file entry.cif (mmCIF, C-alpha atoms)
data_entry
#
loop_
_atom_site.label_atom_id
_atom_site.label_comp_id
_atom_site.auth_asym_id
_atom_site.auth_seq_id
_atom_site.Cartn_x
_atom_site.Cartn_y
_atom_site.Cartn_z
CA MET W 25 175.52 157.59 72.96
CA LEU W 26 179.07 158.80 73.69
CA PRO W 27 179.86 160.96 76.75
CA GLU W 28 180.25 164.71 76.33
CA PRO W 29 183.49 165.82 74.59
CA SER W 30 185.28 167.09 77.72
CA ARG W 31 184.82 163.80 79.57
CA ARG W 32 185.57 161.79 76.43
CA ASN W 33 188.88 163.63 76.00
CA ILE W 34 189.88 162.91 79.60
CA ILE W 35 189.14 159.21 79.17
CA LEU W 36 191.02 158.90 75.88
CA LYS W 37 194.01 160.90 77.17
CA LEU W 38 194.38 158.37 79.99
CA ALA W 39 193.54 155.22 78.03
CA LEU W 40 195.31 155.63 74.68
CA PRO W 41 198.90 155.36 76.02
CA ILE W 42 197.93 152.25 78.00
CA ILE W 43 196.26 150.68 74.97
CA ALA W 44 199.27 151.47 72.76
CA GLY W 45 201.62 149.93 75.31
CA MET W 46 199.52 146.76 75.55
CA LEU W 47 199.29 146.41 71.77
CA SER W 48 203.06 146.89 71.44
CA GLN W 49 203.56 144.08 73.97
CA SER W 50 201.39 141.77 71.87
CA LEU W 51 203.38 142.71 68.77
CA LEU W 52 206.62 141.99 70.62
CA ASN W 53 205.34 138.53 71.57
CA LEU W 54 204.73 137.81 67.88
CA ILE W 55 208.25 139.03 67.00
CA ASP W 56 209.75 136.78 69.70
CA ALA W 57 207.79 133.83 68.33
CA ALA W 58 209.05 134.55 64.80
CA LEU W 59 212.68 134.79 65.97
CA VAL W 60 212.57 131.59 68.02
CA GLY W 61 210.47 129.84 65.37
CA SER W 62 213.46 129.94 63.02
CA LEU W 63 215.23 127.57 65.45
CA GLY W 64 212.59 124.86 64.97
CA GLU W 65 209.38 123.61 66.54
CA THR W 66 211.09 122.19 69.66
CA ALA W 67 212.57 125.57 70.57
CA LEU W 68 209.29 127.33 69.83
CA ALA W 69 207.32 124.87 71.96
CA GLY W 70 209.86 125.22 74.79
CA VAL W 71 209.55 129.01 74.79
CA GLY W 72 205.77 128.69 74.72
CA ILE W 73 205.74 126.38 77.74
CA GLY W 74 208.30 128.49 79.62
CA GLY W 75 206.38 131.66 78.83
CA TYR W 76 203.13 130.18 80.12
CA ALA W 77 204.86 129.10 83.37
CA MET W 78 206.28 132.62 83.75
CA PHE W 79 202.81 134.07 83.24
CA MET W 80 201.46 131.91 86.06
CA VAL W 81 204.28 132.97 88.40
CA THR W 82 203.88 136.64 87.45
CA ALA W 83 200.18 136.42 88.28
CA LEU W 84 201.17 136.03 91.95
CA VAL W 85 202.38 139.65 92.00
CA PHE W 86 200.05 141.10 89.35
CA GLY W 87 197.61 142.47 91.92
CA LEU W 88 200.21 144.92 93.23
CA SER W 89 199.49 147.19 90.25
CA SER W 90 195.78 147.60 90.98
CA GLY W 91 196.40 147.72 94.75
CA VAL W 92 198.81 150.64 94.40
CA GLN W 93 196.74 152.39 91.71
CA ALA W 94 193.46 152.31 93.64
CA GLN W 95 194.99 153.84 96.78
CA THR W 96 197.06 156.40 94.87
CA ALA W 97 194.03 157.57 92.87
CA ARG W 98 192.03 157.95 96.09
CA ARG W 99 194.78 160.03 97.77
CA HIS W 100 195.19 162.03 94.55
CA GLY W 101 191.49 162.87 94.56
CA GLU W 102 191.68 163.85 98.24
CA ARG W 103 194.70 166.06 97.44
CA ASP W 104 196.52 164.23 100.23
CA TRP W 105 199.98 164.88 98.81
CA TYR W 106 201.76 163.81 102.00
CA ASN W 107 200.38 160.25 101.89
CA ARG W 108 200.04 159.87 98.12
CA THR W 109 203.23 157.83 97.77
CA ASP W 110 202.49 155.52 100.72
CA ALA W 111 200.95 152.80 98.56
CA LEU W 112 203.92 152.88 96.17
CA HIS W 113 206.45 152.39 98.96
CA ALA W 114 204.33 149.68 100.56
CA GLY W 115 203.96 147.93 97.21
CA LEU W 116 207.70 148.03 96.54
CA ALA W 117 208.42 146.50 99.95
CA ILE W 118 205.86 143.72 99.33
CA ALA W 119 207.27 143.16 95.83
CA LEU W 120 210.76 142.60 97.18
CA ALA W 121 209.62 140.43 100.10
CA LEU W 122 207.44 138.23 97.88
CA ALA W 123 209.28 138.09 94.55
CA LEU W 124 212.81 137.48 95.83
CA PRO W 125 212.16 134.13 97.61
CA LEU W 126 209.78 133.16 94.79
CA THR W 127 212.61 133.72 92.30
CA VAL W 128 214.94 131.45 94.27
CA LEU W 129 212.25 128.76 94.56
CA CYS W 130 211.45 128.87 90.84
CA MET W 131 215.13 128.71 89.83
CA TRP W 132 215.58 125.66 92.05
CA GLN W 133 212.36 123.85 91.13
CA ALA W 134 212.19 124.83 87.45
CA PRO W 135 212.63 121.25 86.11
CA ALA W 136 209.84 119.91 88.33
CA LEU W 137 207.50 122.84 87.60
CA LEU W 138 207.96 122.67 83.82
CA GLY W 139 207.67 118.88 83.92
CA LEU W 140 204.07 119.26 85.10
CA ILE W 141 203.24 121.11 81.88
CA ASN W 142 205.23 119.12 79.31
CA SER W 143 207.25 115.90 79.63
CA ASP W 144 208.90 115.77 76.17
CA PRO W 145 212.68 115.77 76.92
CA GLY W 146 213.65 118.21 74.15
CA VAL W 147 210.84 120.66 74.83
CA HIS W 148 211.35 120.38 78.61
CA SER W 149 215.05 121.21 78.33
CA GLN W 150 214.40 124.33 76.23
CA ALA W 151 211.54 125.41 78.50
CA VAL W 152 213.65 125.14 81.68
CA GLU W 153 216.48 127.23 80.21
CA TYR W 154 214.12 129.91 78.93
CA PHE W 155 212.10 129.99 82.16
CA ARG W 156 215.18 130.37 84.36
CA TRP W 157 216.36 133.36 82.35
CA ARG W 158 212.91 134.93 82.56
CA VAL W 159 212.32 134.36 86.27
CA VAL W 160 215.53 136.25 87.09
CA SER W 161 213.54 139.43 86.38
CA LEU W 162 210.57 138.60 88.67
CA VAL W 163 211.54 141.23 91.28
CA ALA W 164 211.81 143.82 88.50
CA VAL W 165 208.39 142.80 87.13
CA ALA W 166 206.75 143.11 90.56
CA MET W 167 208.29 146.54 91.18
CA ILE W 168 207.37 147.78 87.71
CA PHE W 169 203.76 146.84 88.49
CA CYS W 170 203.97 149.13 91.53
CA PHE W 171 205.49 152.07 89.66
CA ARG W 172 202.97 151.68 86.84
CA GLY W 173 200.11 151.60 89.34
CA TYR W 174 201.35 154.79 91.01
CA TRP W 175 201.71 156.83 87.83
CA ASN W 176 198.42 155.55 86.43
CA GLY W 177 196.84 156.54 89.75
CA VAL W 178 197.99 160.15 89.36
CA GLN W 179 196.75 160.03 85.72
CA GLN W 180 200.20 160.25 84.10
CA THR W 181 199.75 157.25 81.80
CA GLY W 182 202.01 158.57 79.02
CA ILE W 183 205.04 157.59 81.11
CA TYR W 184 204.06 153.92 80.75
CA LEU W 185 204.06 154.13 76.95
CA ARG W 186 207.40 155.93 76.72
CA ILE W 187 209.18 153.50 79.01
CA ILE W 188 207.68 150.35 77.51
CA LEU W 189 208.69 151.43 73.97
CA ILE W 190 212.29 151.87 75.13
CA MET W 191 212.13 148.45 76.81
CA HIS W 192 210.78 146.85 73.63
CA GLY W 193 213.59 148.33 71.53
CA VAL W 194 216.23 146.98 73.91
CA ASN W 195 214.41 143.64 74.11
CA ILE W 196 214.46 143.13 70.33
CA LEU W 197 218.14 144.09 69.95
CA THR W 198 219.40 142.01 72.86
CA SER W 199 217.21 139.02 72.04
CA VAL W 200 218.41 138.92 68.42
CA GLY W 201 222.02 139.20 69.59
CA LEU W 202 221.70 136.53 72.28
CA ILE W 203 219.62 134.07 70.21
CA PHE W 204 221.95 134.05 67.20
CA GLY W 205 225.24 135.26 68.77
CA TYR W 206 225.55 138.57 66.92
CA ALA W 207 227.86 141.46 67.90
CA GLY W 208 230.16 139.16 69.88
CA LEU W 209 227.38 138.01 72.22
CA PRO W 210 227.05 134.33 73.15
CA ALA W 211 224.60 132.33 71.01
CA LEU W 212 222.15 131.07 73.62
CA GLY W 213 219.43 129.92 71.22
CA ALA W 214 215.89 130.00 72.59
CA ALA W 215 217.21 130.90 76.06
CA GLY W 216 218.57 134.13 74.53
CA ALA W 217 214.98 135.34 74.07
CA GLY W 218 214.44 134.93 77.82
CA ALA W 219 217.72 136.67 78.65
CA GLY W 220 216.89 139.57 76.33
CA THR W 221 213.47 140.03 77.91
CA SER W 222 214.92 140.00 81.43
CA LEU W 223 217.58 142.56 80.52
CA SER W 224 214.90 144.87 79.09
CA LEU W 225 212.82 144.49 82.26
CA LEU W 226 215.80 145.34 84.48
CA LEU W 227 216.41 148.44 82.35
CA GLY W 228 212.71 149.27 82.64
CA LEU W 229 212.94 149.11 86.44
CA ILE W 230 215.88 151.52 86.39
CA LEU W 231 213.94 153.93 84.16
CA TRP W 232 210.79 153.77 86.32
CA ALA W 233 212.78 154.28 89.54
CA SER W 234 214.83 157.13 88.08
CA TYR W 235 211.78 158.97 86.74
CA THR W 236 209.89 158.51 90.00
CA HIS W 237 212.85 159.74 92.05
CA ARG W 238 213.05 162.92 89.92
CA HIS W 239 209.38 163.74 89.55
CA ALA W 240 207.48 162.27 92.52
CA ALA W 241 207.69 164.08 95.84
CA PRO W 242 210.10 162.08 98.04
CA ILE W 243 207.59 161.83 100.88
CA PHE W 244 207.13 158.57 102.73
CA GLY W 245 204.25 159.41 105.05
CA HIS W 246 203.24 156.20 106.84
CA PRO W 247 203.80 153.33 104.37
CA ALA W 248 203.74 150.73 107.16
CA GLY W 249 200.09 151.47 107.83
CA THR W 250 199.36 151.06 104.12
CA MET W 251 200.99 147.63 103.87
CA LEU W 252 197.95 145.63 105.00
CA THR W 253 195.60 147.62 102.75
CA THR W 254 197.87 147.00 99.76
CA LEU W 255 197.99 143.27 100.54
CA ARG W 256 194.21 143.19 101.03
CA LEU W 257 193.67 144.76 97.62
CA ALA W 258 196.42 142.88 95.76
CA ALA W 259 195.75 139.34 96.98
CA PRO W 260 192.26 138.88 95.45
CA HIS W 261 193.35 140.33 92.11
CA SER W 262 196.43 138.08 91.95
CA PHE W 263 194.36 135.04 92.96
CA GLN W 264 191.83 135.92 90.27
CA GLN W 265 194.52 136.17 87.59
CA ILE W 266 195.99 132.78 88.46
CA TRP W 267 192.66 130.97 88.33
CA PHE W 268 191.48 132.92 85.29
CA ALA W 269 194.57 131.73 83.39
CA GLY W 270 193.98 128.22 84.73
CA GLY W 271 190.47 128.39 83.28
CA TYR W 272 191.92 128.69 79.78
CA THR W 273 194.03 125.59 80.46
CA VAL W 274 190.85 123.69 81.31
CA LEU W 275 189.12 125.09 78.20
CA PHE W 276 191.87 123.69 75.96
CA TRP W 277 191.67 120.37 77.82
CA ILE W 278 187.95 120.29 77.00
CA LEU W 279 188.69 121.08 73.34
CA GLY W 280 191.26 118.28 73.38
CA GLN W 281 188.47 115.86 74.30
CA LEU W 282 186.88 116.70 70.94
CA ASN W 283 189.67 116.51 68.34
CA THR W 284 192.90 118.17 67.22
CA ALA W 285 191.07 120.42 64.76
CA SER W 286 189.00 121.95 67.57
CA VAL W 287 192.16 122.64 69.57
CA ALA W 288 193.82 124.35 66.57
CA VAL W 289 190.80 126.51 65.73
CA GLY W 290 190.13 127.25 69.41
CA HIS W 291 193.72 128.43 69.83
CA VAL W 292 193.26 130.97 67.02
CA LEU W 293 189.88 132.15 68.33
CA VAL W 294 191.10 132.62 71.90
CA ASN W 295 194.26 134.49 70.88
CA LEU W 296 192.31 136.77 68.56
CA SER W 297 189.85 137.62 71.31
CA LEU W 298 192.60 138.24 73.88
CA LEU W 299 194.33 140.60 71.44
CA LEU W 300 191.23 142.53 70.41
CA ILE W 301 189.92 143.13 73.94
CA LEU W 302 193.09 145.06 74.85
CA PRO W 303 191.47 148.46 74.12
CA GLY W 304 188.72 147.49 76.57
CA VAL W 305 191.31 146.56 79.18
CA GLY W 306 193.17 149.84 78.66
CA LEU W 307 189.94 151.82 78.99
CA GLY W 308 189.19 149.84 82.15
CA VAL W 309 192.54 150.87 83.67
CA ALA W 310 191.63 154.50 82.93
CA ALA W 311 188.25 153.96 84.62
CA MET W 312 190.07 152.62 87.70
CA SER W 313 191.94 155.93 88.11
CA LEU W 314 188.94 158.14 87.36
CA VAL W 315 186.67 156.30 89.80
CA GLY W 316 189.31 156.30 92.55
CA GLN W 317 189.97 160.01 92.15
CA ALA W 318 186.26 160.88 92.13
CA MET W 319 185.72 158.88 95.33
CA GLY W 320 188.67 160.67 96.90
CA GLN W 321 186.89 163.93 96.10
CA GLN W 322 183.75 162.58 97.84
CA SER W 323 181.92 162.68 94.50
CA ASN W 324 180.26 159.27 94.39
CA GLN W 325 177.81 160.36 91.71
CA ASP W 326 180.68 161.37 89.44
CA ALA W 327 182.46 158.07 90.15
CA HIS W 328 179.34 156.18 89.08
CA ARG W 329 179.05 158.29 85.95
CA TRP W 330 182.70 157.73 84.98
CA GLY W 331 182.09 153.98 84.90
CA TRP W 332 179.26 154.24 82.39
CA ASP W 333 181.04 156.91 80.32
CA VAL W 334 184.03 154.61 79.80
CA VAL W 335 181.75 151.66 79.00
CA ARG W 336 180.13 153.66 76.17
CA ILE W 337 183.50 154.41 74.58
CA ALA W 338 184.59 150.78 75.03
CA TRP W 339 181.45 149.51 73.30
CA MET W 340 182.18 151.69 70.28
CA CYS W 341 185.89 150.75 70.08
CA LEU W 342 185.31 147.02 70.46
CA ALA W 343 182.42 147.05 67.98
CA VAL W 344 184.70 148.58 65.33
CA LEU W 345 187.39 145.96 66.00
CA ALA W 346 184.86 143.11 65.95
CA LEU W 347 183.22 144.13 62.67
CA PRO W 348 185.73 142.42 60.29
CA MET W 349 185.35 139.13 62.19
CA LEU W 350 181.59 139.38 61.97
CA LEU W 351 181.43 140.29 58.27
CA PHE W 352 184.48 138.47 56.84
CA PRO W 353 185.19 135.50 59.14
CA ASP W 354 186.75 133.30 56.45
CA ALA W 355 189.20 136.00 55.39
CA VAL W 356 190.29 136.60 59.00
CA LEU W 357 190.69 132.87 59.71
CA GLY W 358 192.60 132.45 56.45
CA ILE W 359 195.41 134.57 57.88
CA PHE W 360 196.10 131.87 60.47
CA LEU W 361 194.66 128.66 59.01
CA ARG W 362 195.48 127.14 55.61
CA ASP W 363 193.17 124.12 55.72
CA PRO W 364 189.70 124.97 54.27
CA ALA W 365 188.12 122.43 56.65
CA LEU W 366 189.53 124.31 59.66
CA VAL W 367 188.34 127.64 58.25
CA ALA W 368 184.85 126.18 57.82
CA LEU W 369 184.93 124.83 61.38
CA GLY W 370 185.82 128.28 62.75
CA HIS W 371 183.42 130.33 60.58
CA LEU W 372 180.45 130.67 62.95
CA PRO W 373 182.52 130.46 66.20
CA LEU W 374 184.56 133.48 64.99
CA GLN W 375 181.34 135.45 64.39
CA LEU W 376 180.25 134.51 67.91
CA THR W 377 183.67 135.69 69.14
CA ALA W 378 183.00 139.08 67.53
CA LEU W 379 179.76 139.38 69.52
CA MET W 380 181.55 138.28 72.70
CA ILE W 381 184.14 141.03 72.35
CA VAL W 382 181.43 143.69 72.29
CA LEU W 383 179.51 142.08 75.15
CA ASP W 384 182.73 141.97 77.18
CA ALA W 385 183.00 145.79 77.25
CA CYS W 386 180.82 146.10 80.33
CA ALA W 387 182.70 143.46 82.33
CA LEU W 388 186.14 144.67 81.23
CA VAL W 389 185.51 148.31 82.17
CA LEU W 390 183.31 147.95 85.25
CA GLY W 391 185.48 145.17 86.66
CA GLN W 392 188.48 147.54 86.57
CA ALA W 393 186.35 150.43 87.84
CA LEU W 394 185.36 148.32 90.86
CA LEU W 395 189.07 147.72 91.54
CA GLY W 396 189.47 151.49 91.63
CA ALA W 397 186.76 151.63 94.29
CA GLY W 398 188.51 148.91 96.32
CA ALA W 399 185.98 146.15 95.59
CA ASN W 400 188.71 143.64 94.65
CA ARG W 401 187.09 140.73 96.45
CA THR W 402 183.77 141.32 94.70
CA VAL W 403 185.50 141.30 91.30
CA MET W 404 187.36 138.10 92.14
CA VAL W 405 184.24 136.26 93.32
CA MET W 406 182.16 137.38 90.34
CA THR W 407 184.82 136.55 87.75
CA LEU W 408 185.80 133.13 89.08
CA THR W 409 182.24 132.06 89.89
CA MET W 410 181.08 132.78 86.36
CA GLN W 411 184.12 131.11 84.79
CA TRP W 412 184.52 128.00 86.97
CA LEU W 413 180.97 127.29 88.13
CA VAL W 414 179.04 128.37 85.03
CA PHE W 415 181.10 128.43 81.83
CA LEU W 416 183.55 125.53 82.18
CA PRO W 417 181.03 122.92 83.45
CA LEU W 418 178.49 123.92 80.78
CA ALA W 419 181.19 123.96 78.08
CA TRP W 420 182.13 120.36 78.88
CA TRP W 421 178.49 119.23 79.14
CA VAL W 422 177.33 120.87 75.89
CA GLY W 423 180.51 120.40 73.84
CA VAL W 424 181.59 116.92 74.97
CA GLY W 425 178.67 115.38 76.84
CA LEU W 426 175.93 116.38 74.39
CA GLY W 427 178.26 116.24 71.39
CA TYR W 428 177.77 119.79 70.05
CA GLY W 429 181.54 120.25 69.73
CA LEU W 430 183.40 123.52 69.23
CA LEU W 431 180.32 125.41 68.07
CA GLY W 432 178.34 124.33 71.13
CA ILE W 433 181.15 125.46 73.44
CA TRP W 434 181.28 128.86 71.74
CA TRP W 435 177.51 129.33 72.10
CA VAL W 436 177.91 128.56 75.81
CA GLN W 437 180.75 131.08 75.98
CA LEU W 438 178.58 133.75 74.36
CA GLY W 439 175.92 133.20 77.03
CA TYR W 440 178.57 133.26 79.78
CA ARG W 441 180.02 136.58 78.55
CA CYS W 442 176.53 138.07 78.44
CA LEU W 443 175.73 136.96 82.02
CA ASN W 444 179.15 138.15 83.22
CA SER W 445 178.62 141.65 81.84
CA LEU W 446 175.06 141.80 83.20
CA GLY W 447 176.38 140.80 86.62
CA PHE W 448 179.00 143.56 86.66
CA ALA W 449 176.43 146.09 85.42
CA LEU W 450 174.11 145.14 88.28
CA ILE W 451 176.89 145.41 90.87
CA TRP W 452 177.84 148.82 89.52
CA HIS W 453 174.23 150.01 89.46
CA ARG W 454 173.59 148.97 93.09
CA ARG W 455 176.51 151.19 94.26
CA HIS W 456 177.46 149.16 97.33
CA TRP W 457 181.08 149.76 96.31
CA GLN W 458 180.66 153.45 97.23
CA ARG W 459 180.78 152.53 100.92
CA LEU W 460 184.33 151.16 100.76
CA ALA W 461 187.15 153.05 102.42
CA LEU W 462 190.81 152.86 101.41
#
call {"tool": "encode", "arguments": {"input": "entry.cif", "output": "structure tokens"}}
result
Amino acid sequence: MLPEPSRRNIILKLALPIIAGMLSQSLLNLIDAALVGSLGETALAGVGIGGYAMFMVTALVFGLSSGVQAQTARRHGERDWYNRTDALHAGLAIALALALPLTVLCMWQAPALLGLINSDPGVHSQAVEYFRWRVVSLVAVAMIFCFRGYWNGVQQTGIYLRIILIMHGVNILTSVGLIFGYAGLPALGAAGAGAGTSLSLLLGLILWASYTHRHAAPIFGHPAGTMLTTLRLAAPHSFQQIWFAGGYTVLFWILGQLNTASVAVGHVLVNLSLLLILPGVGLGVAAMSLVGQAMGQQSNQDAHRWGWDVVRIAWMCLAVLALPMLLFPDAVLGIFLRDPALVALGHLPLQLTALMIVLDACALVLGQALLGAGANRTVMVMTLTMQWLVFLPLAWWVGVGLGYGLLGIWWVQLGYRCLNSLGFALIWHRRHWQRLAL
């Protein structure tokens, strides 16, 4: 049963711009892959490896977004206008202090870092060039996380969509020019995709800073006192993101112990699921703001209700997206796989993936809602425990040890997603998070 129309409208007004921005980012990644793919498989592999390394580095500062958003939403709910920007200023200071030396380190150690992922000379060379161009924008990425967290915290999510669409337009134009050498620009090949992305991110930082300077009250309050709180909230979320991404690396290693076909089909299944859960993630970000604001207003009952209201909408959205995979798995797989044997291998696992997406709604939304309440450590422990101590060991034992292969691993994953959502539902129901102060 959906929440009442007034509450549903509030949720969708917050979530839809975030979802649109996330989906546009996924589309841009596909466009980048198509552009670089025309240069050959070595260039495409190099960009893939460099992009994965950049994702791991970015995860170190990812928690700044939720750390700033949770505090801002709480101050917004309290109507504490004087201190509402404290978390933003603290986050920006942390972003600069952390990302700047990390950028220098990554530029210096890029060959060694990328060598741990892939040792093929041609691929390694392309990956290092691409990664170095991308990591130049790490400070901008970290600061953008902070600005995005602030404006999401005050429930102005439309700004995110407007700015990211401008960034995407610039990214496509500059990447095309720098990859192929159009309009008098140097032809950098695959590295041009990295340079184009970094230029768009630097422009994005300028747009975020300019908008914030014009429309946010230039009040600093006491950001120094907020620094430790921001670090306390950001560190668990960043740590969680790093190890969560590492879990997928281990999953593909397990699939590699089976055969190449399982790796190929698993790659399609995982990327489909990561794309289709984006509406759930966007709704979760909206829940983070709504819960934080309600707690700032001393309305714990309303905060609890917001969590479940958003879950109901997420269930409906994800069920609609999962339906084609459940009913027409071969047609969906045929978009990505040409070999009938691979389509047959992925038939039932894709149907299980459809069920997983719906089951994930509870964990996706309530996990983000708990971040809005400041329960970052709880979310980290729950997420990583279920992934590393339950799913991955069982996946290896059932899929490799017992010989049930890809299908066995996906049945284990279905059970893991179910337990994960039940765990978050129980944590939310017990309401211990309502005692946390920010």
call {"tool": "closest_residue", "arguments": {"input": "entry.cif", "among": "W:Pro125, W:Gly101, W:Gly423, W:Pro303", "to": "Ser48 in chain W", "atoms": "only C-alpha atoms"}}
result
W:Pro303
call {"tool": "resolve_selection", "arguments": {"input": "entry.cif", "expression": "the PyMOL selection byres ((chain W and resi 254) around 7)", "output": "PyMOL selection string"}}
result
chain W and resi 91-92+111+115+250-253+255-258
call {"tool": "closest_atom_pairs", "arguments": {"input": "entry.cif", "of": "range 131-204 of chain W", "to": "range 386-399 of chain W", "cutoff": "12 Å", "atoms": "only C-alpha atoms", "output": "JSON lines"}}
result
{"residue": "W:Gly173", "atom": "CA", "partner": "W:Gly396", "partner_atom": "CA", "distance": 10.9}
{"residue": "W:Asn176", "atom": "CA", "partner": "W:Gly396", "partner_atom": "CA", "distance": 11.1}
{"residue": "W:Gly177", "atom": "CA", "partner": "W:Gly396", "partner_atom": "CA", "distance": 9.1}
call {"tool": "resolve_selection", "arguments": {"input": "entry.cif", "expression": "the PyMOL selection byres ((chain W and resi 292) around 12)", "output": "PDB file with C-alpha atoms, in the frame of the given file"}}
result
ATOM      1  CA  PHE W 276     191.870 123.690  75.960  1.00  0.00           C
ATOM      2  CA  ALA W 285     191.070 120.420  64.760  1.00  0.00           C
ATOM      3  CA  SER W 286     189.000 121.950  67.570  1.00  0.00           C
ATOM      4  CA  VAL W 287     192.160 122.640  69.570  1.00  0.00           C
ATOM      5  CA  ALA W 288     193.820 124.350  66.570  1.00  0.00           C
ATOM      6  CA  VAL W 289     190.800 126.510  65.730  1.00  0.00           C
ATOM      7  CA  GLY W 290     190.130 127.250  69.410  1.00  0.00           C
ATOM      8  CA  HIS W 291     193.720 128.430  69.830  1.00  0.00           C
ATOM      9  CA  LEU W 293     189.880 132.150  68.330  1.00  0.00           C
ATOM     10  CA  VAL W 294     191.100 132.620  71.900  1.00  0.00           C
ATOM     11  CA  ASN W 295     194.260 134.490  70.880  1.00  0.00           C
ATOM     12  CA  LEU W 296     192.310 136.770  68.560  1.00  0.00           C
ATOM     13  CA  SER W 297     189.850 137.620  71.310  1.00  0.00           C
ATOM     14  CA  LEU W 298     192.600 138.240  73.880  1.00  0.00           C
ATOM     15  CA  LEU W 299     194.330 140.600  71.440  1.00  0.00           C
ATOM     16  CA  VAL W 356     190.290 136.600  59.000  1.00  0.00           C
ATOM     17  CA  LEU W 357     190.690 132.870  59.710  1.00  0.00           C
ATOM     18  CA  GLY W 358     192.600 132.450  56.450  1.00  0.00           C
ATOM     19  CA  ILE W 359     195.410 134.570  57.880  1.00  0.00           C
ATOM     20  CA  PHE W 360     196.100 131.870  60.470  1.00  0.00           C
ATOM     21  CA  LEU W 361     194.660 128.660  59.010  1.00  0.00           C
ATOM     22  CA  LEU W 366     189.530 124.310  59.660  1.00  0.00           C
ATOM     23  CA  VAL W 367     188.340 127.640  58.250  1.00  0.00           C
ATOM     24  CA  LEU W 369     184.930 124.830  61.380  1.00  0.00           C
ATOM     25  CA  GLY W 370     185.820 128.280  62.750  1.00  0.00           C
ATOM     26  CA  HIS W 371     183.420 130.330  60.580  1.00  0.00           C
ATOM     27  CA  PRO W 373     182.520 130.460  66.200  1.00  0.00           C
ATOM     28  CA  LEU W 374     184.560 133.480  64.990  1.00  0.00           C
ATOM     29  CA  THR W 377     183.670 135.690  69.140  1.00  0.00           C
TER      30      THR W 377
END
call {"tool": "closest_residue", "arguments": {"input": "entry.cif", "among": "W:Ala83, W:Val414, W:Ala117, W:Leu122", "to": "Trp267 in chain W", "atoms": "only C-alpha atoms"}}
result
W:Ala83
call {"tool": "closest_residue", "arguments": {"input": "entry.cif", "among": "W:Ala365, W:Ile168, W:Ala44, W:Leu376", "to": "Arg186 in chain W", "atoms": "all atoms listed in the file"}}
result
W:Ala44
call {"tool": "atom_distance", "arguments": {"input": "entry.cif", "atom1": "CA of Gly320 in chain W", "atom2": "CA of Glu102 in chain W"}}
result
4.6 Å
call {"tool": "closest_residue", "arguments": {"input": "entry.cif", "among": "W:Gln321, W:Thr409, W:Gln375, W:Thr221", "to": "Gln49 in chain W", "atoms": "all atoms listed in the file"}}
result
W:Thr221
call {"tool": "atom_distance", "arguments": {"input": "entry.cif", "atom1": "CA of Met78 in chain W", "atom2": "CA of Gly61 in chain W"}}
result
19.1 Å
call {"tool": "residues_around", "arguments": {"input": "entry.cif", "residues": "Ile381 in chain W", "least_positions_apart": "4", "cutoff": "9 Å", "atoms": "all atoms listed in the file", "output": "short mmCIF file (atom, residue, chain, number, x, y, z; two decimals) with C-alpha atoms, in the frame of the given file"}}
result
data_model
loop_
_atom_site.label_atom_id
_atom_site.label_comp_id
_atom_site.auth_asym_id
_atom_site.auth_seq_id
_atom_site.Cartn_x
_atom_site.Cartn_y
_atom_site.Cartn_z
CA SER W 297 189.85 137.62 71.31
CA LEU W 300 191.23 142.53 70.41
CA ILE W 301 189.92 143.13 73.94
CA GLY W 304 188.72 147.49 76.57
CA TRP W 339 181.45 149.51 73.30
CA LEU W 342 185.31 147.02 70.46
CA ALA W 343 182.42 147.05 67.98
CA LEU W 345 187.39 145.96 66.00
CA ALA W 346 184.86 143.11 65.95
CA LEU W 376 180.25 134.51 67.91
CA THR W 377 183.67 135.69 69.14
CA ALA W 385 183.00 145.79 77.25
CA ARG W 441 180.02 136.58 78.55
#
call {"tool": "residues_around", "arguments": {"input": "entry.cif", "residues": "range 84-90 of chain W", "least_positions_apart": "6", "cutoff": "6 Å", "atoms": "only C-alpha atoms", "output": "compact mmCIF listing (two decimals) with C-alpha atoms, in the coordinates of the input"}}
result
# COMPACT_ATOMS: atom_id res chain seq x y z
CA ALA W 166 206.75 143.11 90.56
CA PHE W 169 203.76 146.84 88.49
CA CYS W 170 203.97 149.13 91.53
CA GLY W 173 200.11 151.60 89.34
CA ALA W 258 196.42 142.88 95.76
CA HIS W 261 193.35 140.33 92.11
CA SER W 262 196.43 138.08 91.95
call {"tool": "atom_distance", "arguments": {"input": "entry.cif", "atom1": "CA of Val194 in chain W", "atom2": "CA of Leu124 in chain W"}}
result
24.1 Å
call {"tool": "closest_residue", "arguments": {"input": "entry.cif", "among": "W:Leu314, W:Gln281, W:Phe263, W:Leu372", "to": "Arg401 in chain W", "atoms": "only C-alpha atoms"}}
result
W:Phe263
call {"tool": "resolve_selection", "arguments": {"input": "entry.cif", "expression": "the PyMOL selection byres ((chain W and resi 271) around 12)", "output": "PyMOL selection string"}}
result
chain W and resi 80+264-270+272-278+407-417+419
call {"tool": "closest_residue", "arguments": {"input": "entry.cif", "among": "W:Ile230, W:Cys341, W:Val178, W:Leu426", "to": "Trp105 in chain W", "atoms": "only C-alpha atoms"}}
result
W:Val178
call {"tool": "residues_around", "arguments": {"input": "entry.cif", "residues": "Arg455 in chain W", "least_positions_apart": "4", "cutoff": "9 Å", "atoms": "all atoms listed in the file", "output": "list in words"}}
result
Asn324, His328, Leu450, Ile451 and Arg459 of chain W
